[in-house]
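Encoded as structure tokens, the structure appears first; notes follow it.
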Amino acid sequence: MEVWRPGGLVSPCGTRLCRFFHRPVNGPAGYRAEPGLYQIKMDIAKTIKEAIHASDAGGPSSIPLSAIELSVPEHEKFGHYATNFAMRLAALPGGGKKPFDLAAELAGKISQNAPPGFFEKVEAVAPGFINFWLSKETLRDALADAARAGDDYGKSDTGGGETVIVEYSQPNIAKMMHVGHLRTTIIGDALANILDFLNYKVVRWNYLGDWGTQFGKLIVAYKEWGKREAVEKHPIEELQELYVRFHREMEAKPELEKRGQEEFKKLEDGDAENRKLWEWFREESIKELNKMYEVLGVRFDVWIGEAFFESQMKALMDELLTRGIAEKSEGSLVVKLDADGLPPALIQKSDGASLYLTRDIANLRYRLAEYKPVKILYVVANEQSLHFAQLFAIAKMLGLDSAELVHVKYGLVLGDTGKKLSTRQGFVQLLSEALDEAVVKAREVLEKREEKLSDAEKREVAYAVGVGALKYNDLKENRTTDITFNWEKMLDFTGDSAPYLQYAYARAKSVLRKAGEVGAHDFARSQDFSALISDSGFALIRRIIEFPDVVVRAGELYSTSVLATYLYKLAVAMNKFYETTPILKDENAARRDARLVLLDTAARVLQRGLGLLGVRTPEKI
RNA sequence: GCUCUUGUAGUUCAAUGGAUAGAAUAUCUCCCUCCGAAGGAGGUGAUGCUGGUUCGAUUCCAGCCAAGAGCACCA
């Protein structure tokens with residue numbers, strides 16, 4: 001919402017384009033902004049501004065470019081870009097004119113003031129939109145820029161080289177990863193990729209759940225029923241089996257719960273036997289986890305888990321008490337958060353042991369001191385909202401406020417019953433099984449195809465397609481909504497799915513392979529560009545020039561679905577282009593080259609975008 | 001009970017306060033003449049309810065209804 005002030009229209013700068021215009025054009029070494037795209041929007045905004053000045057709109061004496069919003073309309077018949085600025089201006093006090101009249105007046109002025117040949121058409125439409133059609137030459141230049149930028153296309157300097165810590169995956173040691181763990185792992189990985197692309201210095205952090213009462217329980221279970229050989233053979237399976245059994249037996253013998261807590265307390269106090277068991281559990285588990293990460297193609301820079309902060313717990317709890325931040329309550333230590341409208345946060349159990357929250361406070365302090373980040377993203381499920389609200393509130397009380405703290409929450413993966421999956425009750429769909437299933441299915445489909453691939457290639461492709469399908473299925477959806485686990489949907493390789501995108505890419509590459517060397521098209525000399533590219537080709541260019549903005553938006557909103565949705569539309573435009581436009585059989589060399597360059601550029605954008613999502617793009621499929 | 005999240009075609013999901021609410025899937029028709037049917041063209045079908053703010057509301061606000069999650073010794 002803009003506010004009207006004497007001297008101008010002041011925007012609190014909440015809009016996307018506002019940030020866009022405030023971004024520097026040229027980033028630091030190694031990064032380059034997109035002069036083509038940037039210039040286009042800048043020119044449009046400038047032209048609007050000049051038009052407002054030149055008109056007697058009764059508008060403000062000065063309008064910052066940032067106040068002028070451009071959007072990409074859903075339907076192309078509303079132009080390449082559109083603005084509702086005239087309607088906003090008319091609605092302001094002193095506007096005085098009818099929105100449509102103002103829009104029409106501005107549209108006329110814009111046409112006059114624009115650089116010659118920049119627009120094809122500028123039109124005012126009821127109730128007061130101004131729609132812009134870029135000229136074929138402008139689109140040609142934008143495509144030429146994108147083609148020239150190559151693999152750097154879409155990079156920008158939004159991050160300015162600042163450090164961001166992205167915490168994701170955080171699996172529990174001794175528990176198998178189920179399909180619910182997929183979300184944090186791949187959303188975190190994709191966000192890290194995107195932020196890296198936007199020139200943030202990204203620290204990928206796997207905060208292992210390697211400490212806590214659960215290990216007391218596990219130690220009890222192992223001492224009662226465990227066998228060393230069994231654990232060595234299948235570490236995580238066996239440990240999880242013990243954990244599940246513990247909870248089963250606990251129903252009949254409630255005293256087990258207390259024993260679990262006691263064993264954890266002993267572990268925390270340094271009991272040699274428990275310590276040794278814990279180290280063993282941890283080591284075996286990490287080996288297994290790494291296998292899973294390799295399959296998923298996910299990596300981390302830092303593997304510091306909860307146990308790392310164990311030695312600082314006592315001092316931290318004492319400090320919180322001494323500084324008057326925490327207080328005693330029923331034998332335990334709590335931080336009252338009434339001022340933030342939150343329930344009290346427990347930071348020490350009555351037996352003196354620490355809690356998850358306590359370790360997270362120590363963790364935060366450590367991160368700020370060691371990495372000096374501007375942001376920390378916690379990619380953790382919705383259900384932990386309260387935990388993070390409490391953590392952030394306590395951080396403020398402690399003055400740990402040098403970084404922006406963000407709980408990047410995501411919805412739960414629910415079972416068929418509509419309820420959350422729970423390891424304790426044993427009703428889970430294992431991630432490894434889901435991945436296997438997807439790869440097998442991909443292989444089956446592949447076997448039915450005519451494309452000749454070697455056995456090794458088939459294995460490779462089935463793997464890329466199966467894993468990609470699973471990942472994309474999650475990444476395309478809005479983060480915050482709960483999703484229901486659904487085999488059918490996960491294994492559907494048609495429509496809006498990773499295989500569709502991978503297929504579009506492979507087809508484009510196939511055309512390019514058959515064409516041989518792509519002649520370097522001289523865009524500057526193709527004056528008759530509109531004769532070279534079909535309508536569907538221009539629609540494809542329109543998609544291509546959206547890419548840099550989409551990446552920025554995905555980074556701002558921490559949203560993978562923004563990028564995934566865009567890539568799907570890009571692939572649709574690609575399919576349509578080579579469905580309707582002759583390429584290889586075109587005998588006009590200049591026209592053929594121009595079309596090949598367009599296809600090549602689109603394919604690169606698709607590959608880059610999917611790469612950011614962590615989905616691989618085989619050359620043949 | 002309190003807090004948070006979410007209610008959109010049969011199903012699974014989209015939609016910076018904008019224009020005719022988009023897709024996918026299922027279902028019903030068509031299409032292998034550059035490249036490759038994991039594809040393309042078309043038909044059917046939806047905003048939980050009641051108000052409010054706005055030129056304009058799926059979006060913002062209030063109330064109701066429904067689902068899920070969380071709420072002191074788990075993580």
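Going by the structure tokens order, chains are called A, B, ..., each with residues numbered from 1, while ligands are numbered from 1 in the order shown.
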
Open item on the list: Give me, as an MDAnalysis selection string, the residues of chain B touching chain A, with the criterion being at most 7 Å (counting only C-alpha atoms (C1' of nucleotides)).
Closed with: chainID B and resid 6 13 16 24 34:36 38 40 69:70 72:73 75

Task: Residue contacts of A:Glu284 (8 Å, only C-alpha atoms (C1' of nucleotides)) excluding same-chain residues fewer than 4 positions away, as JSON, numbers by chain - done: {"A": [232, 235, 236, 280, 288]}

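Reported to one decimal place, the separation of atom CA of A:Tyr558 from atom C1' of B:G7 is 23.3 Å.
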
Using only C-alpha atoms (C1' of nucleotides), determine which residues lie at most 10 Å from A:Met176, disregarding the query and same-chain residues fewer than 4 positions distant; provide the list as a PDB file with C-alpha atoms, in the first residue's frame.
ATOM      1  CA  PRO A 171      17.345 -36.499  10.851  1.00  0.00           C
ATOM      2  CA  ASN A 172      17.303 -38.318  14.122  1.00  0.00           C
ATOM      3  CA  HIS A 181      11.777 -36.436   6.016  1.00  0.00           C
ATOM      4  CA  PRO A 235      22.165 -50.551  12.119  1.00  0.00           C
ATOM      5  CA  ILE A 236      19.258 -48.195  11.651  1.00  0.00           C
ATOM      6  CA  GLU A 237      16.629 -50.896  11.066  1.00  0.00           C
ATOM      7  CA  GLU A 238      17.605 -52.683  14.221  1.00  0.00           C
ATOM      8  CA  LEU A 239      17.876 -49.572  16.369  1.00  0.00           C
ATOM      9  CA  GLN A 240      14.524 -48.400  15.161  1.00  0.00           C
ATOM     10  CA  GLU A 241      13.034 -51.796  15.886  1.00  0.00           C
ATOM     11  CA  SER A 285      23.604 -44.261  11.710  1.00  0.00           C
ATOM     12  CA  GLU A 288      23.367 -45.138   6.582  1.00  0.00           C
ATOM     13  CA  LEU A 289      22.215 -41.549   6.276  1.00  0.00           C
ATOM     14  CA  THR A 423       7.784 -43.619  13.931  1.00  0.00           C
ATOM     15  CA  VAL A 428       5.523 -45.152   8.190  1.00  0.00           C
ATOM     16  CA  GLN A 429       6.393 -45.241   4.577  1.00  0.00           C
ATOM     17  CA  LEU A 430      10.151 -45.518   4.390  1.00  0.00           C
ATOM     18  CA  LEU A 431      11.917 -43.062   2.158  1.00  0.00           C
ATOM     19  CA  SER A 432      14.266 -45.702   0.823  1.00  0.00           C
TER      20      SER A 432
END

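For the atom pair formed by atom C1' of B:U29 and atom CA of A:Ser534, the distance is 28.3 Å, given to one decimal.
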
TODO: Taking the chain letters and numbering used in this document, name the residues of stretch 385-567 of chain A that DSSP puts in strand (DSSP E or B), as a VMD selection string.
DONE: chain A and resid 404 to 410 413 to 414 420 422 427 430 483 to 484

Can those selected residues be exported to a file as a compact mmCIF listing (two decimals), in the first residue's frame so that it contains N, CA and C atoms?
# COMPACT_ATOMS: atom_id res chain seq x y z
N GLU A 404 18.63 -12.23 10.78
CA GLU A 404 17.19 -12.46 10.64
C GLU A 404 16.94 -13.96 10.79
N LEU A 405 16.05 -14.31 11.71
CA LEU A 405 15.79 -15.73 11.94
C LEU A 405 14.46 -16.10 11.29
N VAL A 406 14.47 -17.10 10.47
CA VAL A 406 13.25 -17.47 9.74
C VAL A 406 12.93 -18.95 9.93
N HIS A 407 11.74 -19.21 10.41
CA HIS A 407 11.26 -20.60 10.43
C HIS A 407 10.62 -20.87 9.08
N VAL A 408 11.33 -21.53 8.19
CA VAL A 408 10.78 -21.87 6.89
C VAL A 408 9.98 -23.15 7.08
N LYS A 409 8.69 -22.94 7.40
CA LYS A 409 7.89 -24.09 7.78
C LYS A 409 7.24 -24.78 6.60
N TYR A 410 6.99 -26.03 6.74
CA TYR A 410 6.31 -26.75 5.68
C TYR A 410 5.28 -27.68 6.29
N VAL A 413 3.55 -34.43 6.08
CA VAL A 413 3.14 -35.48 5.16
C VAL A 413 2.21 -36.39 5.97
N LEU A 414 0.96 -36.44 5.55
CA LEU A 414 -0.01 -37.24 6.28
C LEU A 414 -0.16 -38.61 5.65
N LYS A 420 -0.90 -37.68 11.03
CA LYS A 420 0.54 -37.58 10.80
C LYS A 420 1.23 -38.93 10.97
N SER A 422 3.95 -41.48 12.20
CA SER A 422 4.68 -41.52 13.46
C SER A 422 5.57 -42.75 13.55
N PHE A 427 3.84 -46.85 11.88
CA PHE A 427 3.11 -46.71 10.61
C PHE A 427 3.80 -45.69 9.71
N LEU A 430 8.73 -45.82 4.39
CA LEU A 430 10.15 -45.52 4.39
C LEU A 430 10.56 -44.80 3.11
N ILE A 483 0.49 -32.27 3.02
CA ILE A 483 0.24 -33.08 1.84
C ILE A 483 -0.01 -34.53 2.26
N THR A 484 -0.87 -35.16 1.51
CA THR A 484 -1.21 -36.54 1.81
C THR A 484 -0.34 -37.46 0.98
